[in-house]
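J.: What follows is the file upload14.cif, containing mmCIF, C-alpha atoms:
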```cif
data_structure
#
loop_
_atom_site.group_PDB
_atom_site.id
_atom_site.type_symbol
_atom_site.label_atom_id
_atom_site.label_comp_id
_atom_site.auth_asym_id
_atom_site.auth_seq_id
_atom_site.Cartn_x
_atom_site.Cartn_y
_atom_site.Cartn_z
ATOM 1 C CA MET A 1 -37.181 -24.738 0.528
ATOM 2 C CA ASP A 2 -34.138 -22.581 -0.009
ATOM 3 C CA TYR A 3 -31.918 -24.436 -2.375
ATOM 4 C CA ARG A 4 -28.923 -23.119 -4.242
ATOM 5 C CA PRO A 5 -26.384 -25.266 -6.054
ATOM 6 C CA PHE A 6 -22.888 -25.071 -4.609
ATOM 7 C CA ASP A 7 -20.891 -22.536 -6.526
ATOM 8 C CA PRO A 8 -17.169 -22.656 -5.716
ATOM 9 C CA ALA A 9 -16.669 -19.251 -7.318
ATOM 10 C CA ALA A 10 -19.048 -17.714 -4.775
ATOM 11 C CA VAL A 11 -16.894 -18.862 -1.860
ATOM 12 C CA PRO A 12 -14.350 -16.140 -1.282
ATOM 13 C CA VAL A 13 -10.795 -17.511 -1.313
ATOM 14 C CA VAL A 14 -8.932 -16.343 1.749
ATOM 15 C CA PRO A 15 -5.454 -15.382 0.623
ATOM 16 C CA ALA A 16 -2.512 -16.906 2.456
ATOM 17 C CA ALA A 17 0.005 -14.554 4.046
ATOM 18 C CA LEU A 18 3.548 -15.473 5.054
ATOM 19 C CA LYS A 19 6.438 -13.456 6.388
ATOM 20 C CA ILE A 20 10.202 -13.246 6.318
ATOM 21 C CA LEU A 21 12.238 -11.293 8.854
ATOM 22 C CA ILE A 22 15.007 -8.918 7.933
ATOM 23 C CA ALA A 23 17.430 -8.563 10.816
ATOM 24 C CA GLY A 24 20.867 -7.056 11.290
ATOM 25 C CA GLY A 25 22.631 -4.219 12.975
ATOM 26 C CA PHE A 26 21.728 -0.567 13.022
ATOM 27 C CA GLY A 27 22.263 1.178 9.680
ATOM 28 C CA VAL A 28 23.061 -1.999 7.737
ATOM 29 C CA GLY A 29 20.369 -1.398 5.119
ATOM 30 C CA LYS A 30 17.322 -3.351 6.301
ATOM 31 C CA THR A 31 14.844 -0.688 5.250
ATOM 32 C CA THR A 32 16.625 -0.308 1.902
ATOM 33 C CA LEU A 33 16.404 -4.049 1.311
ATOM 34 C CA VAL A 34 12.687 -4.136 2.121
ATOM 35 C CA GLY A 35 12.099 -1.140 -0.129
ATOM 36 C CA ALA A 36 13.958 -2.759 -3.045
ATOM 37 C CA VAL A 37 11.391 -5.545 -3.454
ATOM 38 C CA SER A 38 8.258 -4.247 -1.749
ATOM 39 C CA GLU A 39 5.307 -3.137 -3.852
ATOM 40 C CA ILE A 40 4.444 -0.622 -1.167
ATOM 41 C CA ARG A 41 6.688 1.988 0.347
ATOM 42 C CA PRO A 42 8.031 0.389 3.508
ATOM 43 C CA LEU A 43 5.767 1.466 6.305
ATOM 44 C CA ARG A 44 7.819 2.802 9.122
ATOM 45 C CA THR A 45 8.145 5.228 11.895
ATOM 46 C CA GLU A 46 11.498 6.899 11.939
ATOM 47 C CA GLU A 47 12.843 8.933 14.745
ATOM 48 C CA GLU A 48 15.784 11.197 14.339
ATOM 49 C CA LEU A 49 18.615 10.295 16.629
ATOM 50 C CA SER A 50 18.859 12.794 19.401
ATOM 51 C CA ASP A 51 22.095 13.643 21.197
ATOM 52 C CA ARG A 52 20.894 11.471 24.011
ATOM 53 C CA SER A 53 20.564 8.358 21.855
ATOM 54 C CA ILE A 54 23.933 8.734 20.135
ATOM 55 C CA GLY A 55 25.511 6.910 23.025
ATOM 56 C CA ILE A 56 23.043 4.051 22.667
ATOM 57 C CA ASP A 57 23.233 3.691 18.904
ATOM 58 C CA ASP A 58 26.854 3.435 17.937
ATOM 59 C CA THR A 59 27.015 5.036 14.520
ATOM 60 C CA THR A 60 30.750 4.596 13.934
ATOM 61 C CA GLY A 61 31.178 3.606 10.303
ATOM 62 C CA VAL A 62 27.703 4.729 9.306
ATOM 63 C CA ALA A 63 28.350 8.436 9.530
ATOM 64 C CA ALA A 64 25.845 9.433 6.864
ATOM 65 C CA LYS A 65 22.852 7.849 8.552
ATOM 66 C CA THR A 66 21.013 10.232 10.823
ATOM 67 C CA THR A 67 17.722 8.463 11.437
ATOM 68 C CA THR A 68 16.964 4.967 12.575
ATOM 69 C CA THR A 69 13.919 2.781 12.315
ATOM 70 C CA VAL A 70 12.325 2.405 15.679
ATOM 71 C CA ALA A 71 8.942 0.885 14.967
ATOM 72 C CA MET A 72 7.181 -1.326 12.454
ATOM 73 C CA ASP A 73 8.971 -1.599 9.182
ATOM 74 C CA PHE A 74 7.309 -3.844 6.651
ATOM 75 C CA GLY A 75 6.993 -4.408 2.949
ATOM 76 C CA ARG A 76 4.664 -6.537 0.863
ATOM 77 C CA ILE A 77 5.135 -8.725 -2.209
ATOM 78 C CA THR A 78 2.025 -10.165 -3.839
ATOM 79 C CA LEU A 79 3.210 -13.477 -5.287
ATOM 80 C CA ARG A 80 -0.224 -14.558 -6.483
ATOM 81 C CA THR A 81 -3.707 -13.202 -5.936
ATOM 82 C CA ASP A 82 -4.036 -15.705 -3.075
ATOM 83 C CA LEU A 83 -0.473 -15.581 -1.738
ATOM 84 C CA THR A 84 1.273 -12.604 -0.191
ATOM 85 C CA LEU A 85 4.729 -12.404 1.318
ATOM 86 C CA TYR A 86 5.509 -9.776 3.967
ATOM 87 C CA LEU A 87 8.964 -8.619 4.901
ATOM 88 C CA PHE A 88 9.417 -7.313 8.414
ATOM 89 C CA GLY A 89 12.505 -5.384 9.382
ATOM 90 C CA THR A 90 13.371 -6.094 12.987
ATOM 91 C CA PRO A 91 14.053 -3.058 15.098
ATOM 92 C CA GLY A 92 17.808 -2.520 15.115
ATOM 93 C CA GLN A 93 18.289 -1.485 18.672
ATOM 94 C CA GLU A 94 18.272 -3.826 21.591
ATOM 95 C CA ARG A 95 15.733 -1.753 23.477
ATOM 96 C CA PHE A 96 13.143 -2.918 20.901
ATOM 97 C CA TRP A 97 13.844 -6.613 21.290
ATOM 98 C CA PHE A 98 10.458 -7.211 22.872
ATOM 99 C CA MET A 99 9.022 -6.905 19.367
ATOM 100 C CA TRP A 100 11.137 -9.706 17.945
ATOM 101 C CA ASP A 101 9.229 -12.635 19.411
ATOM 102 C CA GLU A 102 6.041 -11.669 17.718
ATOM 103 C CA LEU A 103 7.768 -10.855 14.424
ATOM 104 C CA ALA A 104 9.625 -14.186 14.463
ATOM 105 C CA TYR A 105 6.597 -16.277 15.368
ATOM 106 C CA GLY A 106 5.333 -18.080 12.270
ATOM 107 C CA ALA A 107 8.027 -16.677 9.966
ATOM 108 C CA ILE A 108 9.440 -18.679 7.049
ATOM 109 C CA GLY A 109 12.861 -17.609 8.226
ATOM 110 C CA ALA A 110 15.151 -14.645 8.583
ATOM 111 C CA VAL A 111 17.716 -12.754 6.552
ATOM 112 C CA VAL A 112 20.529 -11.423 8.743
ATOM 113 C CA LEU A 113 21.955 -8.509 6.814
ATOM 114 C CA ALA A 114 25.653 -7.970 7.553
ATOM 115 C CA ASP A 115 28.128 -5.146 7.030
ATOM 116 C CA THR A 116 31.731 -6.451 6.932
ATOM 117 C CA ARG A 117 32.902 -3.298 8.738
ATOM 118 C CA ARG A 118 30.796 -4.254 11.730
ATOM 119 C CA LEU A 119 30.237 -7.999 11.650
ATOM 120 C CA SER A 120 29.800 -8.213 15.405
ATOM 121 C CA ASP A 121 26.485 -6.346 14.996
ATOM 122 C CA CYS A 122 25.042 -9.648 13.717
ATOM 123 C CA PHE A 123 25.877 -11.693 16.782
ATOM 124 C CA ALA A 124 22.714 -10.868 18.667
ATOM 125 C CA ALA A 125 20.457 -11.752 15.729
ATOM 126 C CA ILE A 126 22.347 -14.985 15.000
ATOM 127 C CA ASP A 127 22.073 -16.060 18.641
ATOM 128 C CA TYR A 128 18.382 -15.250 18.635
ATOM 129 C CA PHE A 129 17.548 -17.326 15.541
ATOM 130 C CA GLU A 130 19.858 -20.229 16.471
ATOM 131 C CA GLN A 131 18.274 -20.551 19.906
ATOM 132 C CA ARG A 132 14.756 -20.604 18.462
ATOM 133 C CA LEU A 133 15.646 -22.928 15.550
ATOM 134 C CA ILE A 134 14.415 -20.330 13.064
ATOM 135 C CA PRO A 135 16.019 -20.907 9.631
ATOM 136 C CA PHE A 136 18.222 -17.966 8.643
ATOM 137 C CA LEU A 137 21.005 -16.963 6.300
ATOM 138 C CA ILE A 138 23.624 -14.245 6.316
ATOM 139 C CA ALA A 139 23.371 -11.735 3.471
ATOM 140 C CA VAL A 140 26.487 -9.588 3.245
ATOM 141 C CA ASN A 141 25.450 -6.158 2.023
ATOM 142 C CA HIS A 142 28.003 -4.552 -0.275
ATOM 143 C CA PHE A 143 29.181 -1.163 0.821
ATOM 144 C CA ASP A 144 31.678 0.498 -1.503
ATOM 145 C CA ASP A 145 34.247 1.229 1.189
ATOM 146 C CA ALA A 146 33.811 -2.026 3.092
ATOM 147 C CA PRO A 147 36.487 -4.724 3.006
ATOM 148 C CA GLY A 148 35.627 -7.818 0.984
ATOM 149 C CA TYR A 149 35.812 -11.230 2.615
ATOM 150 C CA THR A 150 35.067 -14.699 1.341
ATOM 151 C CA GLY A 151 32.007 -16.572 2.515
ATOM 152 C CA ASP A 152 34.230 -18.924 4.532
ATOM 153 C CA GLU A 153 35.998 -16.050 6.266
ATOM 154 C CA ILE A 154 32.647 -14.605 7.251
ATOM 155 C CA ARG A 155 31.377 -18.010 8.344
ATOM 156 C CA ASP A 156 34.418 -18.386 10.610
ATOM 157 C CA ALA A 157 34.150 -14.866 11.978
ATOM 158 C CA LEU A 158 30.485 -15.407 12.852
ATOM 159 C CA ASP A 159 31.040 -18.977 14.078
ATOM 160 C CA LEU A 160 28.160 -20.248 11.934
ATOM 161 C CA ASP A 161 26.877 -23.789 11.633
ATOM 162 C CA PRO A 162 28.133 -25.373 8.399
ATOM 163 C CA GLY A 163 24.585 -25.504 7.041
ATOM 164 C CA THR A 164 23.892 -21.783 7.394
ATOM 165 C CA PRO A 165 24.183 -20.130 3.957
ATOM 166 C CA VAL A 166 26.283 -16.984 3.472
ATOM 167 C CA VAL A 167 25.324 -14.980 0.391
ATOM 168 C CA SER A 168 26.314 -11.552 -0.829
ATOM 169 C CA CYS A 169 23.862 -8.921 -1.973
ATOM 170 C CA ASP A 170 23.243 -5.326 -2.834
ATOM 171 C CA ALA A 171 20.286 -4.274 -0.714
ATOM 172 C CA ARG A 172 19.452 -1.513 -3.205
ATOM 173 C CA GLN A 173 18.991 -3.909 -6.128
ATOM 174 C CA ARG A 174 15.649 -5.637 -6.548
ATOM 175 C CA GLU A 175 17.114 -8.633 -8.415
ATOM 176 C CA SER A 176 19.809 -9.122 -5.793
ATOM 177 C CA VAL A 177 17.315 -8.989 -2.918
ATOM 178 C CA LYS A 178 15.049 -11.391 -4.791
ATOM 179 C CA GLN A 179 17.900 -13.908 -4.961
ATOM 180 C CA VAL A 180 18.521 -13.539 -1.230
ATOM 181 C CA LEU A 181 14.872 -14.356 -0.516
ATOM 182 C CA VAL A 182 14.965 -17.312 -2.924
ATOM 183 C CA SER A 183 18.061 -18.635 -1.106
ATOM 184 C CA LEU A 184 16.324 -18.288 2.248
ATOM 185 C CA VAL A 185 13.168 -20.152 1.178
ATOM 186 C CA ARG A 186 15.324 -22.937 -0.310
ATOM 187 C CA HIS A 187 17.272 -23.109 2.945
ATOM 188 C CA THR A 188 14.044 -23.374 4.961
ATOM 189 C CA ILE A 189 12.780 -26.217 2.751
ATOM 190 C CA ALA A 190 16.121 -28.037 3.147
ATOM 191 C CA ALA A 191 16.184 -27.438 6.923
ATOM 192 C CA ASN A 192 12.633 -28.806 7.262
ATOM 193 C CA ARG A 193 13.592 -31.895 5.283
ATOM 194 C CA SER A 194 16.621 -32.611 7.429
ATOM 195 C CA ILE A 195 14.490 -32.267 10.575
ATOM 196 C CA ARG A 196 11.996 -34.730 9.101
ATOM 197 C CA GLU A 197 14.757 -37.144 8.151
ATOM 198 C CA ARG A 198 16.304 -36.988 11.593
ATOM 199 C CA ALA A 199 12.882 -37.561 13.145
ATOM 200 C CA SER A 200 12.132 -40.584 10.966
ATOM 201 C CA ALA A 201 15.617 -42.002 11.558
ATOM 202 C CA GLY A 202 14.524 -41.951 15.173
ATOM 203 C CA MET B 1 14.078 36.218 14.046
ATOM 204 C CA SER B 2 13.214 33.353 11.747
ATOM 205 C CA ALA B 3 10.455 30.885 12.508
ATOM 206 C CA PRO B 4 11.565 27.685 14.202
ATOM 207 C CA LYS B 5 12.186 24.975 11.618
ATOM 208 C CA ASP B 6 11.044 22.136 13.801
ATOM 209 C CA ARG B 7 7.368 23.063 13.750
ATOM 210 C CA TRP B 8 5.003 20.339 12.494
ATOM 211 C CA TYR B 9 1.892 20.946 10.444
ATOM 212 C CA ASP B 10 -1.049 18.839 9.316
ATOM 213 C CA ARG B 11 -0.258 15.105 9.062
ATOM 214 C CA ASP B 12 3.310 15.609 10.237
ATOM 215 C CA ALA B 13 2.005 16.828 13.548
ATOM 216 C CA GLY B 14 0.417 13.416 14.238
ATOM 217 C CA PRO B 15 -3.160 12.547 15.064
ATOM 218 C CA VAL B 16 -5.410 15.122 16.722
ATOM 219 C CA VAL B 17 -6.847 12.354 18.871
ATOM 220 C CA ARG B 18 -4.287 10.390 20.861
ATOM 221 C CA PRO B 19 -4.044 6.919 19.246
ATOM 222 C CA TYR B 20 -5.254 4.824 22.152
ATOM 223 C CA ALA B 21 -8.215 7.128 22.846
ATOM 224 C CA VAL B 22 -10.198 5.181 20.234
ATOM 225 C CA THR B 23 -9.651 1.988 22.229
ATOM 226 C CA LYS B 24 -10.668 3.768 25.470
ATOM 227 C CA GLY B 25 -7.108 3.337 26.674
ATOM 228 C CA ARG B 26 -6.988 -0.431 26.150
ATOM 229 C CA THR B 27 -3.650 -1.664 24.844
ATOM 230 C CA MET B 28 -4.514 -5.369 24.872
ATOM 231 C CA PRO B 29 -7.385 -7.109 23.046
ATOM 232 C CA ALA B 30 -10.409 -7.970 25.183
ATOM 233 C CA SER B 31 -10.501 -11.667 24.374
ATOM 234 C CA ASP B 32 -7.538 -14.012 24.761
ATOM 235 C CA SER B 33 -7.673 -14.671 21.031
ATOM 236 C CA PHE B 34 -4.418 -13.235 19.773
ATOM 237 C CA VAL B 35 -4.618 -11.395 16.465
ATOM 238 C CA GLY B 36 -1.340 -11.858 14.577
ATOM 239 C CA LEU B 37 0.273 -9.206 12.405
ATOM 240 C CA ILE B 38 -0.454 -11.029 9.153
ATOM 241 C CA ASP B 39 -3.704 -12.712 10.181
ATOM 242 C CA MET B 40 -6.317 -12.149 7.506
ATOM 243 C CA VAL B 41 -9.448 -10.251 8.562
ATOM 244 C CA ILE B 42 -12.715 -10.535 6.660
ATOM 245 C CA ALA B 43 -16.007 -8.769 7.357
ATOM 246 C CA GLN B 44 -18.879 -11.183 7.936
ATOM 247 C CA ASP B 45 -21.708 -10.982 5.491
ATOM 248 C CA ARG B 46 -24.586 -9.077 7.156
ATOM 249 C CA PRO B 47 -23.665 -9.912 10.750
ATOM 250 C CA LEU B 48 -26.235 -9.745 13.534
ATOM 251 C CA LEU B 49 -24.422 -7.647 16.085
ATOM 252 C CA PRO B 50 -25.135 -8.388 19.746
ATOM 253 C CA ALA B 51 -26.907 -5.736 21.808
ATOM 254 C CA GLU B 52 -23.713 -4.909 23.729
ATOM 255 C CA ALA B 53 -21.786 -4.056 20.558
ATOM 256 C CA ARG B 54 -20.638 -0.442 20.680
ATOM 257 C CA LEU B 55 -19.072 0.536 17.387
ATOM 258 C CA ASN B 56 -17.185 3.798 17.317
ATOM 259 C CA SER B 57 -16.209 5.528 14.091
ATOM 260 C CA GLU B 58 -12.869 3.682 13.873
ATOM 261 C CA HIS B 59 -14.624 0.319 14.329
ATOM 262 C CA ARG B 60 -16.925 1.235 11.458
ATOM 263 C CA ARG B 61 -14.081 2.387 9.274
ATOM 264 C CA LEU B 62 -12.129 -0.856 9.819
ATOM 265 C CA LEU B 63 -15.268 -2.913 9.255
ATOM 266 C CA ALA B 64 -15.836 -1.207 5.915
ATOM 267 C CA MET B 65 -12.197 -1.846 4.942
ATOM 268 C CA CYS B 66 -12.533 -5.544 5.837
ATOM 269 C CA ARG B 67 -15.072 -6.172 3.078
ATOM 270 C CA HIS B 68 -11.999 -7.161 1.098
ATOM 271 C CA PRO B 69 -9.846 -9.615 3.042
ATOM 272 C CA GLY B 70 -6.759 -7.888 4.356
ATOM 273 C CA THR B 71 -4.028 -8.466 6.903
ATOM 274 C CA VAL B 72 -3.787 -6.632 10.195
ATOM 275 C CA VAL B 73 -0.665 -4.730 9.156
ATOM 276 C CA ASP B 74 -2.240 -3.673 5.857
ATOM 277 C CA LEU B 75 -5.352 -2.476 7.681
ATOM 278 C CA ALA B 76 -3.233 -0.512 10.127
ATOM 279 C CA SER B 77 -1.234 0.992 7.290
ATOM 280 C CA ASP B 78 -4.325 1.932 5.262
ATOM 281 C CA ALA B 79 -6.176 3.281 8.289
ATOM 282 C CA GLY B 80 -3.148 5.249 9.486
ATOM 283 C CA LEU B 81 -3.510 3.762 12.969
ATOM 284 C CA PRO B 82 -0.885 2.027 15.106
ATOM 285 C CA VAL B 83 -0.971 -1.760 14.807
ATOM 286 C CA GLY B 84 -1.647 -2.088 18.535
ATOM 287 C CA VAL B 85 -4.767 0.064 18.254
ATOM 288 C CA VAL B 86 -6.019 -1.836 15.214
ATOM 289 C CA ARG B 87 -5.549 -5.132 17.026
ATOM 290 C CA VAL B 88 -7.710 -4.025 19.937
ATOM 291 C CA LEU B 89 -10.449 -2.725 17.627
ATOM 292 C CA LEU B 90 -10.378 -5.887 15.487
ATOM 293 C CA SER B 91 -10.637 -8.116 18.529
ATOM 294 C CA ASP B 92 -13.762 -6.147 19.512
ATOM 295 C CA LEU B 93 -15.218 -6.666 16.047
ATOM 296 C CA ALA B 94 -14.343 -10.380 16.141
ATOM 297 C CA ALA B 95 -15.947 -10.759 19.572
ATOM 298 C CA TRP B 96 -19.137 -9.172 18.229
ATOM 299 C CA GLY B 97 -19.114 -11.522 15.237
ATOM 300 C CA ALA B 98 -18.656 -8.672 12.772
ATOM 301 C CA VAL B 99 -15.386 -9.989 11.352
ATOM 302 C CA ARG B 100 -13.716 -13.345 10.939
ATOM 303 C CA VAL B 101 -9.995 -13.715 11.623
ATOM 304 C CA VAL B 102 -8.108 -16.349 9.623
ATOM 305 C CA GLN B 103 -4.838 -17.148 11.365
ATOM 306 C CA SER B 104 -1.517 -17.057 9.564
ATOM 307 C CA PRO B 105 0.952 -19.860 10.351
ATOM 308 C CA ARG B 106 1.916 -20.166 13.996
ATOM 309 C CA GLY B 107 5.310 -21.619 14.793
ATOM 310 C CA ARG B 108 7.554 -23.115 12.166
ATOM 311 C CA VAL B 109 6.349 -23.032 8.538
ATOM 312 C CA ILE B 110 6.647 -26.668 7.442
ATOM 313 C CA ASP B 111 4.089 -26.858 4.620
ATOM 314 C CA GLU B 112 6.459 -27.687 1.757
ATOM 315 C CA ARG B 113 3.854 -27.075 -0.939
ATOM 316 C CA LEU B 114 3.262 -23.573 0.425
ATOM 317 C CA LEU B 115 7.006 -22.899 0.637
ATOM 318 C CA LYS B 116 7.463 -24.066 -2.954
ATOM 319 C CA ASP B 117 4.642 -21.756 -4.007
ATOM 320 C CA VAL B 118 6.548 -18.897 -2.370
ATOM 321 C CA LEU B 119 9.738 -19.977 -4.152
ATOM 322 C CA ASP B 120 7.990 -20.126 -7.529
ATOM 323 C CA GLY B 121 6.355 -16.770 -6.894
ATOM 324 C CA LEU B 122 9.649 -15.098 -5.985
ATOM 325 C CA GLN B 123 11.438 -16.535 -9.018
ATOM 326 C CA ALA B 124 8.657 -15.296 -11.287
ATOM 327 C CA LEU B 125 8.865 -11.707 -9.997
#
```
Output the structure of this file as structure tokens.
T.:
Amino acid sequence: MDYRPFDPAAVPVVPAALKILIAGGFGVGKTTLVGAVSEIRPLRTEEELSDRSIGIDDTTGVAAKTTTTVAMDFGRITLRTDLTLYLFGTPGQERFWFMWDELAYGAIGAVVLADTRRLSDCFAAIDYFEQRLIPFLIAVNHFDDAPGYTGDEIRDALDLDPGTPVVSCDARQRESVKQVLVSLVRHTIAANRSIRERASAG
Amino acid sequence: MSAPKDRWYDRDAGPVVRPYAVTKGRTMPASDSFVGLIDMVIAQDRPLLPAEARLNSEHRRLLAMCRHPGTVVDLASDAGLPVGVVRVLLSDLAAWGAVRVVQSPRGRVIDERLLKDVLDGLQAL
């Protein structure tokens, strides 16, 4: 008879993997943000903007940026040996929206990165996450020559629900990005609780 | 006349074999089982492959990489293959019983203990 005592150490632990989406307009710093906290170089396919695509990708106000992310853009943070967090940058241009549904499915939530020079670039992402009840926050990325606004001014301009957090960040700084992610996870926990409370209140 | 600057060499020139050639042109997995981007893939211990299993070199390479559990995106990144290609190949391997796919959360993440683990992990970075 083949008998072996049960040895929990022999059972391989399957690590858990979770993801957070990084959305926002073209050139707002999504890849920079992912790179600031990722332990791997963000994996991406970049395509230089051709003359033909200049009309599609409005680069006014982001003159220095000559390439844009057009495909997968992800980073990885190992939180524990059995818990990994992935950050996925959503493709900036609307012609890649077909990829969003899969990226959003099963996500903890989303960071919508905003540039105060071009706030309207966030509208599409905000609409997307609001319609699908995906928890999200607005992270205002600091650009040196961008006008500063208060959180309330930005909330009004974006017509946000009162519960949607607005935080500021520097997408180049690891500590700053870390705080943005912490804020998002807290927001998701709070949003889940309020859904549960509403459900139990009947 | 100087040489054109936009000439690509070696890795920059892209794969010698067109990416979807290794899937025989298939862009969708064979089975209806959907393999998510961060689903965890693990090679089965000494699997008995069915007679119809046809492993090409990329199947074998992925199978070897799956001895340590890894996500689909990590496998694609390490293998230098597009995610779509890796998904098709992994669904073949899963159908033949060579790998096991452990699904990541589908839909809204509501497991508060898991979310708090993420929070603690981020704060400890």
J.: So which residues are close to (18.7, -5.6, -3.0), meaning at most 9 Å away in the file's coordinates with all atoms listed in the file counted, and can you show them as a ChimeraX atom specification?
T.: /A:32-37,141,169-180
J.: Can I get the selection written as a PDB file, in the coordinates of the input, with C-alpha atoms?
T.:
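Here's the written file result-v9.pdb:
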```pdb
ATOM      1  CA  THR A  32      16.625  -0.308   1.902  1.00  0.00           C
ATOM      2  CA  LEU A  33      16.404  -4.049   1.311  1.00  0.00           C
ATOM      3  CA  VAL A  34      12.687  -4.136   2.121  1.00  0.00           C
ATOM      4  CA  GLY A  35      12.099  -1.140  -0.129  1.00  0.00           C
ATOM      5  CA  ALA A  36      13.958  -2.759  -3.045  1.00  0.00           C
ATOM      6  CA  VAL A  37      11.391  -5.545  -3.454  1.00  0.00           C
ATOM      7  CA  ASN A 141      25.450  -6.158   2.023  1.00  0.00           C
ATOM      8  CA  CYS A 169      23.862  -8.921  -1.973  1.00  0.00           C
ATOM      9  CA  ASP A 170      23.243  -5.326  -2.834  1.00  0.00           C
ATOM     10  CA  ALA A 171      20.286  -4.274  -0.714  1.00  0.00           C
ATOM     11  CA  ARG A 172      19.452  -1.513  -3.205  1.00  0.00           C
ATOM     12  CA  GLN A 173      18.991  -3.909  -6.128  1.00  0.00           C
ATOM     13  CA  ARG A 174      15.649  -5.637  -6.548  1.00  0.00           C
ATOM     14  CA  GLU A 175      17.114  -8.633  -8.415  1.00  0.00           C
ATOM     15  CA  SER A 176      19.809  -9.122  -5.793  1.00  0.00           C
ATOM     16  CA  VAL A 177      17.315  -8.989  -2.918  1.00  0.00           C
ATOM     17  CA  LYS A 178      15.049 -11.391  -4.791  1.00  0.00           C
ATOM     18  CA  GLN A 179      17.900 -13.908  -4.961  1.00  0.00           C
ATOM     19  CA  VAL A 180      18.521 -13.539  -1.230  1.00  0.00           C
TER      20      VAL A 180
END
```
J.: So which residues are close to (-22.0, -12.8, 14.3), meaning at most 6 Å away in the file's coordinates with all atoms listed in the file counted, and can you show them as a ChimeraX atom specification?
T.: /B:47-49,97-98
J.: Based on the selection just made, write C-alpha atoms of those residues as a PDB file, in the frame of the given file.
T.:
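Here's the written file selection36.pdb:
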```pdb
ATOM      1  CA  PRO B  47     -23.665  -9.912  10.750  1.00  0.00           C
ATOM      2  CA  LEU B  48     -26.235  -9.745  13.534  1.00  0.00           C
ATOM      3  CA  LEU B  49     -24.422  -7.647  16.085  1.00  0.00           C
ATOM      4  CA  GLY B  97     -19.114 -11.522  15.237  1.00  0.00           C
ATOM      5  CA  ALA B  98     -18.656  -8.672  12.772  1.00  0.00           C
TER       6      ALA B  98
END
```
J.: May I ask you to extract the residues of chain A within 7 Å of chain B, using all atoms listed in the file, and to give them as number ranges by chain?
T.: A: 14, 17-18, 79-80, 105-108, 178, 182, 185, 189, 192
J.: When you draw a straight line from atom CA of A:Asp121 to atom CA of A:Leu160, how long is it in Å?
T.: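 Answer for the atom CA of A:Asp121 to atom CA of A:Leu160 separation: 14.3 Å.
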J.: For B:Ala64, work out the shell of residues within 12 Å, counting only C-alpha atoms and skipping chain neighbours fewer than 6 positions away, then give it as a list in words.
T.: Val41, Ile42, Ala43, Gln44, Asp45, Arg46, Ser57, Glu58, Gly70, Leu75, Asp78, Ala79, Leu90, Leu93, Ala98 and Val99 of chain B
J.: Can you tell me how far atom CA of A:Phe26 sits from atom CA of A:Phe136, in Å to one decimal?
T.: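 These two atoms are separated by 18.3 Å.
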J.: What does the distance from atom CA of A:Val167 to atom CA of A:Asp145 come to in Å, to one decimal?
T.: 18.5 Å
J.: Between A:Ala190, A:Ile77, A:Leu137, A:Val111, which one has atoms that come closest to A:Leu21, using all atoms listed in the file?
T.: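 For A:Leu21, the nearest of the given residues is A:Val111.
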J.: Taking 3 positions as the minimum chain separation for residues in the same chain, which residues sit within 7 Å of stretch 20-23 of chain B when counting all atoms listed in the file? Answer as a ChimeraX atom specification.
T.: /B:17,26,85,88-89
J.: Please provide the set of residues having any atom within 9 Å of A:Ile20, restricted to only C-alpha atoms, with same-chain residues fewer than 5 positions apart removed, written as JSON, numbers by chain.
T.: {"A": [85, 86, 87, 88, 89, 103, 104, 107, 108, 109, 110, 111, 181, 184]}
J.: Put a box with edges along x, y and z around all the listed atoms of stretch 34-39 of chain B, pad it by 8 Å on each side, then give me its centre and sizes in Å, one decimal, as JSON.
T.:
```
{"center_x": -2.2, "center_y": -11.2, "center_z": 14.5, "size_x": 20.9, "size_y": 20.0, "size_z": 26.6}
```
